[in-house]
Amino acid sequence: MTDEISRLKKEKDAIILAHNYQIPEVQKIADFIGDSLDLSKKAQSVSQKIIVFCGVKFMAESAKILSPEKTVLIPSLNADCPMADMVTGEDLRKEKKRDKALKTVCYVNTNAETKAECDVCCTSANAVEVAKHIDGDKILFAPDENLAHWVSLHTKKRIIPWKGFCYVHKQFTREEVAQSRAEHPDAVVIVHPECKPEVVELANEVLSTNGMIRYVSSSEKKEFVIGTEYGLVQRLIREFPEKRFYSLGTPKICHGMKSITLQDVYNSLKYIRYEIQIPEDIIKRARKSLDKMVSKTYGDGA
Ligand code: 13P
Ligand code: SF4
């Protein structure tokens, strides 16, 4: 299967991009693995005609918006992020109508139509920098209320959180942090900012998935408790065999991310499916907020 995928990639002039939460088999055949910020930047710069995006739909849509001339494929129709459906473009239009001074920052975990309505997009890696730099003091931050809370701790601006959440990160608890600390007293506890504030406040570090990899790579510490989806824990175990990694509590699984199999990647390349289609006017408007997200203004992410 792996050989066939390599052959089809060359034949069709395609590149495979994969998020850190993909199953190990898919990560292994990917040309590039990363977090949402890195994957968006990569999608903008690749030379191949086809991008096979192994992640959830909003990520593949972002690749299409940033590289509209390319064919962007998502290998599974079940690769959804429920959080992306928790706010709509219509919701943002209503809020902006109610308060003309309101600035809107959308987490990249949103649908294309929502991105078309917001002022700037961000990822977990650059959310704080985006909020600091935006021209305005009152910011509606959608859809993740936990990331909004994390941002509000790091800027003097008024952050109004939308009431969305990630069902995966919401499962981490204070009790799991306490138990991990008791079991692994020398470990650094690192969590994703989508975790609940009561978990975030007990962690040593709060980072995006690539931020976690960078942190581990430059740390002299040998043990780490990881509070994010299990795919990232598996990547760390593979890439840093000399260090030890423990999931915070039971492994947490994102079913949308895990819906993509090696067979799906093969079928995607063979039958050129499933193509991401976004109306041109939505691409044009969403591009403005996404271009800001990947611009140098907000740094390389954390
Ligand atoms: P990252 O940008 O940190 O990879 O996070 C994406 C995501 O969906 C987290 O649940
Ligand atoms: Fe969405 Fe949560 Fe899955 Fe990330 S882990 S893609 S936020 S459901």
# chains A, B, ... in the order shown; residues from 1 in each chain; ligands from 1
$ residues_around --residues "His255 of chain A" --least-positions-apart "6" --cutoff "12 Å" --atoms "only C-alpha atoms" --output "tab-separated table (two decimals) with N, CA, C and O atoms, in the first residue's frame"
chain	number	residue	atom	x	y	z
A	21	TYR	N	-2.39	14.77	14.59
A	21	TYR	CA	-3.34	13.84	15.21
A	21	TYR	C	-3.68	12.64	14.31
A	21	TYR	O	-4.51	11.81	14.68
A	22	GLN	N	-3.09	12.59	13.11
A	22	GLN	CA	-3.40	11.46	12.21
A	22	GLN	C	-2.83	10.16	12.77
A	22	GLN	O	-1.88	10.17	13.57
A	23	ILE	N	-3.40	9.03	12.33
A	23	ILE	CA	-2.91	7.73	12.81
A	23	ILE	C	-1.45	7.56	12.34
A	23	ILE	O	-1.06	8.12	11.31
A	55	GLY	N	-6.29	15.57	7.46
A	55	GLY	CA	-6.60	16.36	8.66
A	55	GLY	C	-8.11	16.45	8.67
A	55	GLY	O	-8.78	15.65	8.00
A	56	VAL	N	-8.68	17.43	9.36
A	56	VAL	CA	-10.14	17.59	9.30
A	56	VAL	C	-10.52	18.64	8.24
A	56	VAL	O	-9.66	19.36	7.75
A	76	SER	N	-11.32	11.32	3.57
A	76	SER	CA	-12.53	10.76	4.19
A	76	SER	C	-13.59	11.84	4.37
A	76	SER	O	-13.27	12.96	4.81
A	78	ASN	N	-15.77	11.70	6.59
A	78	ASN	CA	-16.07	11.76	8.03
A	78	ASN	C	-15.05	12.58	8.81
A	78	ASN	O	-15.11	12.61	10.04
A	79	ALA	N	-14.12	13.21	8.10
A	79	ALA	CA	-13.06	13.95	8.80
A	79	ALA	C	-13.57	15.34	9.21
A	79	ALA	O	-13.18	16.36	8.64
A	80	ASP	N	-14.44	15.35	10.19
A	80	ASP	CA	-15.06	16.61	10.64
A	80	ASP	C	-14.55	17.04	12.00
A	80	ASP	O	-14.18	16.21	12.82
A	81	CYS	N	-14.60	18.35	12.25
A	81	CYS	CA	-14.32	18.89	13.58
A	81	CYS	C	-15.63	19.51	14.06
A	81	CYS	O	-16.05	20.54	13.52
A	82	PRO	N	-16.30	18.91	15.06
A	82	PRO	CA	-17.59	19.47	15.50
A	82	PRO	C	-17.49	20.93	15.95
A	82	PRO	O	-18.44	21.70	15.80
A	166	CYS	N	-14.02	22.05	22.24
A	166	CYS	CA	-13.55	20.82	21.62
A	166	CYS	C	-13.89	19.66	22.54
A	166	CYS	O	-13.44	19.64	23.69
A	167	TYR	N	-14.69	18.72	22.03
A	167	TYR	CA	-15.13	17.60	22.88
A	167	TYR	C	-13.97	16.70	23.31
A	167	TYR	O	-14.08	15.98	24.29
A	168	VAL	N	-12.87	16.77	22.56
A	168	VAL	CA	-11.70	15.92	22.89
A	168	VAL	C	-10.94	16.54	24.07
A	168	VAL	O	-10.71	15.89	25.10
A	229	GLU	N	-4.58	15.44	21.96
A	229	GLU	CA	-5.04	14.22	21.29
A	229	GLU	C	-3.88	13.21	21.18
A	229	GLU	O	-2.71	13.59	21.02
A	230	TYR	N	-4.22	11.93	21.20
A	230	TYR	CA	-3.21	10.88	21.35
A	230	TYR	C	-2.23	10.77	20.16
A	230	TYR	O	-1.10	10.31	20.32
A	231	GLY	N	-2.64	11.21	18.98
A	231	GLY	CA	-1.76	11.15	17.80
A	231	GLY	C	-0.46	11.90	18.03
A	231	GLY	O	0.61	11.49	17.58
A	261	THR	N	-7.87	6.48	6.88
A	261	THR	CA	-7.01	5.29	6.89
A	261	THR	C	-6.05	5.34	5.70
A	261	THR	O	-6.22	6.17	4.79
$ residues_around --residues "Gly34 of chain A" --least-positions-apart "3" --cutoff "10 Å" --atoms "only C-alpha atoms" --output "compact mmCIF listing (two decimals) with N, CA, C and O atoms, in the first residue's frame"
# COMPACT_ATOMS: atom_id res chain seq x y z
N LEU A 17 -0.08 16.09 3.00
CA LEU A 17 0.13 16.86 4.23
C LEU A 17 -0.70 16.19 5.33
O LEU A 17 -1.84 15.81 5.10
N ALA A 18 -0.13 16.05 6.52
CA ALA A 18 -0.87 15.38 7.60
C ALA A 18 -0.77 16.15 8.91
O ALA A 18 0.30 16.69 9.25
N HIS A 19 -1.88 16.19 9.63
CA HIS A 19 -1.86 16.83 10.95
C HIS A 19 -1.28 15.87 11.98
O HIS A 19 -1.31 14.65 11.82
N ASN A 20 -0.77 16.46 13.06
CA ASN A 20 -0.15 15.69 14.16
C ASN A 20 -1.09 14.66 14.79
O ASN A 20 -0.63 13.79 15.51
N TYR A 21 -2.39 14.77 14.59
CA TYR A 21 -3.34 13.84 15.21
C TYR A 21 -3.68 12.64 14.31
O TYR A 21 -4.51 11.81 14.68
N GLN A 27 0.75 9.26 9.19
CA GLN A 27 1.87 10.17 9.44
C GLN A 27 3.13 9.67 8.72
O GLN A 27 3.92 10.45 8.20
N LEU A 37 -1.13 25.78 11.88
CA LEU A 37 -0.43 26.94 11.32
C LEU A 37 0.59 26.50 10.27
O LEU A 37 0.61 27.00 9.15
N ASP A 38 1.42 25.53 10.63
CA ASP A 38 2.46 25.06 9.70
C ASP A 38 1.85 24.46 8.43
O ASP A 38 2.37 24.65 7.34
N LEU A 39 0.75 23.72 8.61
CA LEU A 39 0.13 23.08 7.44
C LEU A 39 -0.45 24.13 6.49
O LEU A 39 -0.37 23.99 5.27
N SER A 40 -1.01 25.20 7.06
CA SER A 40 -1.55 26.27 6.21
C SER A 40 -0.41 26.93 5.44
O SER A 40 -0.53 27.20 4.23
N LYS A 42 2.48 25.62 4.69
CA LYS A 42 3.00 24.65 3.72
C LYS A 42 2.10 24.61 2.48
O LYS A 42 2.59 24.62 1.35
N THR A 209 0.21 22.06 19.15
CA THR A 209 0.83 20.74 18.99
C THR A 209 2.29 20.86 18.51
O THR A 209 3.16 20.17 19.01
N ASN A 210 2.57 21.76 17.55
CA ASN A 210 3.97 21.91 17.14
C ASN A 210 4.80 22.59 18.22
O ASN A 210 5.98 22.31 18.35
N ILE A 213 6.11 19.93 20.34
CA ILE A 213 7.26 19.22 19.75
C ILE A 213 8.53 20.06 19.91
O ILE A 213 9.57 19.56 20.33
N LEU A 232 -0.55 13.01 18.75
CA LEU A 232 0.65 13.80 19.02
C LEU A 232 1.56 13.05 20.00
O LEU A 232 2.78 13.05 19.85
$ residues_around --residues "Glu11 of chain A" --least-positions-apart "6" --cutoff "10 Å" --atoms "only C-alpha atoms" --output "ChimeraX atom specification"
/A:5,269-270
$ closest_residue --among "A:Ser247, A:Val177, A:Asn126, A:Ile74" --to "Ile272 of chain A" --atoms "only C-alpha atoms"
A:Ile74
$ residues_around --residues "Val191 of chain A" --least-positions-apart "4" --cutoff "6 Å" --atoms "only C-alpha atoms" --output "list in words"
Val206, Ile226 and Gly227 of chain A
$ closest_atom_pairs --of "segment 207-297 of chain A" --to "segment 109-125 of chain A" --cutoff "12 Å" --atoms "only C-alpha atoms" --output "tab-separated table"
residue	atom	partner	partner_atom	distance
A:Leu207	CA	A:Ala125	CA	7.0
A:Ser208	CA	A:Ala125	CA	5.1
A:Thr209	CA	A:Ala125	CA	8.2
A:Asn210	CA	A:Ala125	CA	8.0
A:Gly211	CA	A:Ala125	CA	7.1
A:Met212	CA	A:Ala125	CA	10.2
A:Arg214	CA	A:Ala125	CA	11.8
A:Ile276	CA	A:Ala112	CA	10.9
A:Gln277	CA	A:Ala112	CA	10.4
A:Ile278	CA	A:Ala112	CA	7.6
A:Pro279	CA	A:Glu113	CA	9.4
A:Glu280	CA	A:Ala112	CA	11.0
A:Asp281	CA	A:Ala116	CA	8.8
A:Ile282	CA	A:Ala116	CA	5.8
A:Ile283	CA	A:Ala116	CA	7.4
A:Lys284	CA	A:Ala116	CA	7.8
A:Arg285	CA	A:Ala116	CA	4.7
A:Ala286	CA	A:Ala116	CA	3.7
A:Arg287	CA	A:Ala116	CA	7.4
A:Lys288	CA	A:Val120	CA	7.7
A:Ser289	CA	A:Val120	CA	4.3
A:Leu290	CA	A:Cys121	CA	5.5
A:Asp291	CA	A:Cys121	CA	8.4
A:Lys292	CA	A:Val120	CA	6.3
A:Met293	CA	A:Cys122	CA	5.3
A:Val294	CA	A:Cys122	CA	8.3
A:Ser295	CA	A:Cys122	CA	10.6
A:Thr297	CA	A:Cys122	CA	11.8
$ write_last_selection --atoms "N, CA, C and O atoms" --output "compact mmCIF listing (two decimals), in the first residue's frame"
# COMPACT_ATOMS: atom_id res chain seq x y z
N LEU A 207 0.67 24.90 25.07
CA LEU A 207 1.26 25.07 23.74
C LEU A 207 0.41 24.41 22.65
O LEU A 207 -0.34 23.46 22.92
N SER A 208 0.60 24.90 21.42
CA SER A 208 -0.01 24.24 20.25
C SER A 208 0.70 22.90 20.05
O SER A 208 1.72 22.63 20.70
N THR A 209 0.21 22.06 19.15
CA THR A 209 0.83 20.74 18.99
C THR A 209 2.29 20.86 18.51
O THR A 209 3.16 20.17 19.01
N ASN A 210 2.57 21.76 17.55
CA ASN A 210 3.97 21.91 17.14
C ASN A 210 4.80 22.59 18.22
O ASN A 210 5.98 22.31 18.35
N GLY A 211 4.15 23.48 18.99
CA GLY A 211 4.83 24.10 20.12
C GLY A 211 5.31 23.03 21.10
O GLY A 211 6.40 23.11 21.67
N MET A 212 4.48 22.00 21.28
CA MET A 212 4.85 20.90 22.19
C MET A 212 6.09 20.17 21.66
O MET A 212 7.00 19.85 22.42
N ARG A 214 8.42 21.35 19.64
CA ARG A 214 9.60 22.23 19.77
C ARG A 214 10.07 22.26 21.21
O ARG A 214 11.26 22.21 21.50
N ILE A 276 -12.17 19.32 -2.36
CA ILE A 276 -12.74 20.45 -1.59
C ILE A 276 -13.21 21.50 -2.59
O ILE A 276 -12.44 21.95 -3.45
N GLN A 277 -14.48 21.86 -2.49
CA GLN A 277 -15.06 22.87 -3.39
C GLN A 277 -15.59 24.02 -2.55
O GLN A 277 -16.39 23.80 -1.64
N ILE A 278 -15.14 25.22 -2.84
CA ILE A 278 -15.63 26.40 -2.10
C ILE A 278 -15.99 27.48 -3.13
O ILE A 278 -15.19 27.73 -4.05
N PRO A 279 -17.17 28.11 -3.00
CA PRO A 279 -17.53 29.15 -3.97
C PRO A 279 -16.46 30.26 -4.02
O PRO A 279 -15.87 30.60 -2.98
N GLU A 280 -16.25 30.78 -5.23
CA GLU A 280 -15.17 31.75 -5.42
C GLU A 280 -15.25 32.98 -4.53
O GLU A 280 -14.26 33.46 -4.01
N ASP A 281 -16.50 33.51 -4.34
CA ASP A 281 -16.61 34.72 -3.52
C ASP A 281 -16.25 34.45 -2.06
O ASP A 281 -15.68 35.30 -1.37
N ILE A 282 -16.54 33.23 -1.57
CA ILE A 282 -16.18 32.87 -0.19
C ILE A 282 -14.65 32.77 -0.09
O ILE A 282 -14.04 33.27 0.86
N ILE A 283 -14.04 32.16 -1.11
CA ILE A 283 -12.57 32.04 -1.12
C ILE A 283 -11.96 33.44 -1.03
O ILE A 283 -11.08 33.69 -0.21
N LYS A 284 -12.45 34.35 -1.84
CA LYS A 284 -11.89 35.70 -1.89
C LYS A 284 -11.96 36.39 -0.53
O LYS A 284 -10.99 36.96 -0.05
N ARG A 285 -13.12 36.29 0.13
CA ARG A 285 -13.29 36.99 1.41
C ARG A 285 -12.57 36.27 2.55
O ARG A 285 -11.97 36.90 3.41
N ALA A 286 -12.62 34.93 2.55
CA ALA A 286 -11.95 34.18 3.62
C ALA A 286 -10.44 34.32 3.51
O ALA A 286 -9.72 34.27 4.50
N ARG A 287 -9.97 34.52 2.29
CA ARG A 287 -8.53 34.63 2.06
C ARG A 287 -7.92 35.82 2.82
O ARG A 287 -6.80 35.74 3.31
N LYS A 288 -8.70 36.89 2.91
CA LYS A 288 -8.18 38.09 3.59
C LYS A 288 -7.82 37.77 5.04
O LYS A 288 -6.78 38.14 5.54
N SER A 289 -8.75 37.08 5.74
CA SER A 289 -8.48 36.78 7.16
C SER A 289 -7.43 35.69 7.33
O SER A 289 -6.66 35.70 8.28
N LEU A 290 -7.36 34.76 6.38
CA LEU A 290 -6.35 33.70 6.47
C LEU A 290 -4.95 34.21 6.10
O LEU A 290 -3.95 33.80 6.68
N ASP A 291 -4.89 35.11 5.12
CA ASP A 291 -3.59 35.70 4.76
C ASP A 291 -2.96 36.39 5.95
O ASP A 291 -1.77 36.29 6.18
N LYS A 292 -3.83 37.06 6.74
CA LYS A 292 -3.29 37.74 7.94
C LYS A 292 -2.75 36.69 8.91
O LYS A 292 -1.72 36.89 9.53
N MET A 293 -3.47 35.59 9.04
CA MET A 293 -3.06 34.54 9.99
C MET A 293 -1.66 34.00 9.68
O MET A 293 -0.87 33.74 10.59
N VAL A 294 -1.37 33.80 8.40
CA VAL A 294 -0.08 33.19 8.04
C VAL A 294 1.01 34.24 7.77
O VAL A 294 2.13 33.90 7.45
N SER A 295 0.66 35.53 7.94
CA SER A 295 1.65 36.58 7.66
C SER A 295 2.70 36.61 8.76
O SER A 295 2.51 36.12 9.85
N THR A 297 3.56 39.02 10.58
CA THR A 297 3.20 39.89 11.71
C THR A 297 3.04 39.13 13.02
O THR A 297 3.35 39.62 14.08
$ atom_distance --atom1 "atom CA of Lys132 of chain A" --atom2 "atom CA of Lys41 of chain A"
21.1 Å
$ residues_around --residues "Ser47 of chain A" --least-positions-apart "3" --cutoff "12 Å" --atoms "only C-alpha atoms" --output "number ranges by chain"
A: 13-15, 42-44, 50-51, 67, 69-71
$ closest_residue --among "A:Leu153, A:Met257, A:Met1, A:Ala131" --to "ligand 2" --atoms "only C-alpha atoms and all ligand atoms"
A:Met257
$ residues_around --residues "Phe245 of chain A" --least-positions-apart "4" --cutoff "12 Å" --atoms "only C-alpha atoms" --output "count of residues only"
31
$ select_by_dssp --residues "segment 131-251 of chain A" --states "helix (DSSP H, G or I)" --output "VMD selection string"
chain A and resid 131 to 133 145 to 152 169 to 171 174 to 183 197 to 200 209 to 218 230 to 239
$ select_by_dssp --residues "segment 143-298 of chain A" --states "strand (DSSP E)" --output "PyMOL selection string"
chain A and resi 158-161+188-191+205-206+223-227+244-247
$ decode --residues "segment 206-248 of chain A" --atoms "N, CA and C atoms" --output "JSON list (two decimals), in the first residue's frame"
[["chain", "number", "residue", "atom", "x", "y", "z"],
["A", 206, "VAL", "N", 1.59, 25.63, 28.18],
["A", 206, "VAL", "CA", 0.36, 25.58, 27.40],
["A", 206, "VAL", "C", 0.76, 25.90, 25.96],
["A", 207, "LEU", "N", 0.67, 24.90, 25.07],
["A", 207, "LEU", "CA", 1.26, 25.07, 23.74],
["A", 207, "LEU", "C", 0.41, 24.41, 22.65],
["A", 208, "SER", "N", 0.60, 24.90, 21.42],
["A", 208, "SER", "CA", -0.01, 24.24, 20.25],
["A", 208, "SER", "C", 0.70, 22.90, 20.05],
["A", 209, "THR", "N", 0.21, 22.06, 19.15],
["A", 209, "THR", "CA", 0.83, 20.74, 18.99],
["A", 209, "THR", "C", 2.29, 20.86, 18.51],
["A", 210, "ASN", "N", 2.57, 21.76, 17.55],
["A", 210, "ASN", "CA", 3.97, 21.91, 17.14],
["A", 210, "ASN", "C", 4.80, 22.59, 18.22],
["A", 211, "GLY", "N", 4.15, 23.48, 18.99],
["A", 211, "GLY", "CA", 4.83, 24.10, 20.12],
["A", 211, "GLY", "C", 5.31, 23.03, 21.10],
["A", 212, "MET", "N", 4.48, 22.00, 21.28],
["A", 212, "MET", "CA", 4.85, 20.90, 22.19],
["A", 212, "MET", "C", 6.09, 20.17, 21.66],
["A", 213, "ILE", "N", 6.11, 19.93, 20.34],
["A", 213, "ILE", "CA", 7.26, 19.22, 19.75],
["A", 213, "ILE", "C", 8.53, 20.06, 19.91],
["A", 214, "ARG", "N", 8.42, 21.35, 19.64],
["A", 214, "ARG", "CA", 9.60, 22.23, 19.77],
["A", 214, "ARG", "C", 10.07, 22.26, 21.21],
["A", 215, "TYR", "N", 9.12, 22.31, 22.16],
["A", 215, "TYR", "CA", 9.47, 22.39, 23.57],
["A", 215, "TYR", "C", 10.24, 21.13, 24.00],
["A", 216, "VAL", "N", 9.69, 19.96, 23.63],
["A", 216, "VAL", "CA", 10.32, 18.68, 24.00],
["A", 216, "VAL", "C", 11.72, 18.60, 23.39],
["A", 217, "SER", "N", 11.83, 19.03, 22.15],
["A", 217, "SER", "CA", 13.11, 18.92, 21.44],
["A", 217, "SER", "C", 14.20, 19.77, 22.09],
["A", 218, "SER", "N", 13.83, 20.93, 22.65],
["A", 218, "SER", "CA", 14.88, 21.78, 23.23],
["A", 218, "SER", "C", 14.98, 21.63, 24.75],
["A", 219, "SER", "N", 14.15, 20.77, 25.36],
["A", 219, "SER", "CA", 14.17, 20.64, 26.82],
["A", 219, "SER", "C", 15.19, 19.58, 27.26],
["A", 220, "GLU", "N", 15.83, 19.85, 28.41],
["A", 220, "GLU", "CA", 16.75, 18.85, 28.95],
["A", 220, "GLU", "C", 16.01, 17.80, 29.76],
["A", 221, "LYS", "N", 14.73, 18.07, 30.02],
["A", 221, "LYS", "CA", 13.92, 17.12, 30.81],
["A", 221, "LYS", "C", 13.72, 15.82, 30.04],
["A", 222, "LYS", "N", 13.44, 14.76, 30.78],
["A", 222, "LYS", "CA", 13.34, 13.44, 30.13],
["A", 222, "LYS", "C", 11.90, 12.90, 30.12],
["A", 223, "GLU", "N", 11.00, 13.48, 30.94],
["A", 223, "GLU", "CA", 9.63, 12.93, 31.03],
["A", 223, "GLU", "C", 8.59, 14.03, 30.83],
["A", 224, "PHE", "N", 7.55, 13.67, 30.10],
["A", 224, "PHE", "CA", 6.52, 14.66, 29.77],
["A", 224, "PHE", "C", 5.13, 14.04, 29.84],
["A", 225, "VAL", "N", 4.22, 14.77, 30.46],
["A", 225, "VAL", "CA", 2.80, 14.36, 30.46],
["A", 225, "VAL", "C", 2.12, 15.28, 29.44],
["A", 226, "ILE", "N", 1.43, 14.67, 28.47],
["A", 226, "ILE", "CA", 0.91, 15.44, 27.33],
["A", 226, "ILE", "C", -0.62, 15.51, 27.36],
["A", 227, "GLY", "N", -1.14, 16.73, 27.40],
["A", 227, "GLY", "CA", -2.60, 16.93, 27.43],
["A", 227, "GLY", "C", -3.12, 17.38, 26.09],
["A", 228, "THR", "N", -3.07, 16.47, 25.12],
["A", 228, "THR", "CA", -3.72, 16.74, 23.83],
["A", 228, "THR", "C", -4.07, 15.40, 23.19],
["A", 229, "GLU", "N", -4.58, 15.44, 21.96],
["A", 229, "GLU", "CA", -5.04, 14.22, 21.29],
["A", 229, "GLU", "C", -3.88, 13.21, 21.18],
["A", 230, "TYR", "N", -4.22, 11.93, 21.20],
["A", 230, "TYR", "CA", -3.21, 10.88, 21.35],
["A", 230, "TYR", "C", -2.23, 10.77, 20.16],
["A", 231, "GLY", "N", -2.64, 11.21, 18.98],
["A", 231, "GLY", "CA", -1.76, 11.15, 17.80],
["A", 231, "GLY", "C", -0.46, 11.90, 18.03],
["A", 232, "LEU", "N", -0.55, 13.01, 18.75],
["A", 232, "LEU", "CA", 0.65, 13.80, 19.02],
["A", 232, "LEU", "C", 1.56, 13.05, 20.00],
["A", 233, "VAL", "N", 0.95, 12.36, 20.97],
["A", 233, "VAL", "CA", 1.74, 11.57, 21.92],
["A", 233, "VAL", "C", 2.49, 10.48, 21.15],
["A", 234, "GLN", "N", 1.80, 9.84, 20.20],
["A", 234, "GLN", "CA", 2.45, 8.79, 19.40],
["A", 234, "GLN", "C", 3.60, 9.36, 18.57],
["A", 235, "ARG", "N", 3.42, 10.57, 18.03],
["A", 235, "ARG", "CA", 4.50, 11.18, 17.25],
["A", 235, "ARG", "C", 5.72, 11.44, 18.15],
["A", 236, "LEU", "N", 5.47, 11.96, 19.35],
["A", 236, "LEU", "CA", 6.57, 12.25, 20.27],
["A", 236, "LEU", "C", 7.33, 10.97, 20.64],
["A", 237, "ILE", "N", 6.57, 9.89, 20.92],
["A", 237, "ILE", "CA", 7.21, 8.61, 21.29],
["A", 237, "ILE", "C", 8.11, 8.14, 20.14],
["A", 238, "ARG", "N", 7.63, 8.30, 18.91],
["A", 238, "ARG", "CA", 8.40, 7.86, 17.74],
["A", 238, "ARG", "C", 9.64, 8.70, 17.52],
["A", 239, "GLU", "N", 9.51, 10.01, 17.69],
["A", 239, "GLU", "CA", 10.61, 10.90, 17.31],
["A", 239, "GLU", "C", 11.62, 11.16, 18.42],
["A", 240, "PHE", "N", 11.24, 10.88, 19.67],
["A", 240, "PHE", "CA", 12.19, 11.11, 20.77],
["A", 240, "PHE", "C", 12.29, 9.84, 21.62],
["A", 241, "PRO", "N", 12.92, 8.78, 21.06],
["A", 241, "PRO", "CA", 12.94, 7.49, 21.78],
["A", 241, "PRO", "C", 13.70, 7.55, 23.10],
["A", 242, "GLU", "N", 14.54, 8.55, 23.28],
["A", 242, "GLU", "CA", 15.33, 8.64, 24.52],
["A", 242, "GLU", "C", 14.51, 9.30, 25.65],
["A", 243, "LYS", "N", 13.32, 9.83, 25.33],
["A", 243, "LYS", "CA", 12.49, 10.50, 26.35],
["A", 243, "LYS", "C", 11.24, 9.68, 26.62],
["A", 244, "ARG", "N", 10.55, 9.99, 27.72],
["A", 244, "ARG", "CA", 9.33, 9.23, 28.04],
["A", 244, "ARG", "C", 8.11, 10.16, 28.01],
["A", 245, "PHE", "N", 7.03, 9.64, 27.43],
["A", 245, "PHE", "CA", 5.81, 10.44, 27.29],
["A", 245, "PHE", "C", 4.61, 9.68, 27.85],
["A", 246, "TYR", "N", 3.76, 10.41, 28.56],
["A", 246, "TYR", "CA", 2.55, 9.81, 29.12],
["A", 246, "TYR", "C", 1.38, 10.69, 28.69],
["A", 247, "SER", "N", 0.27, 10.03, 28.31],
["A", 247, "SER", "CA", -0.92, 10.82, 28.02],
["A", 247, "SER", "C", -1.48, 11.31, 29.36],
["A", 248, "LEU", "N", -2.02, 12.50, 29.37],
["A", 248, "LEU", "CA", -2.66, 13.01, 30.58],
["A", 248, "LEU", "C", -3.97, 12.23, 30.77]]
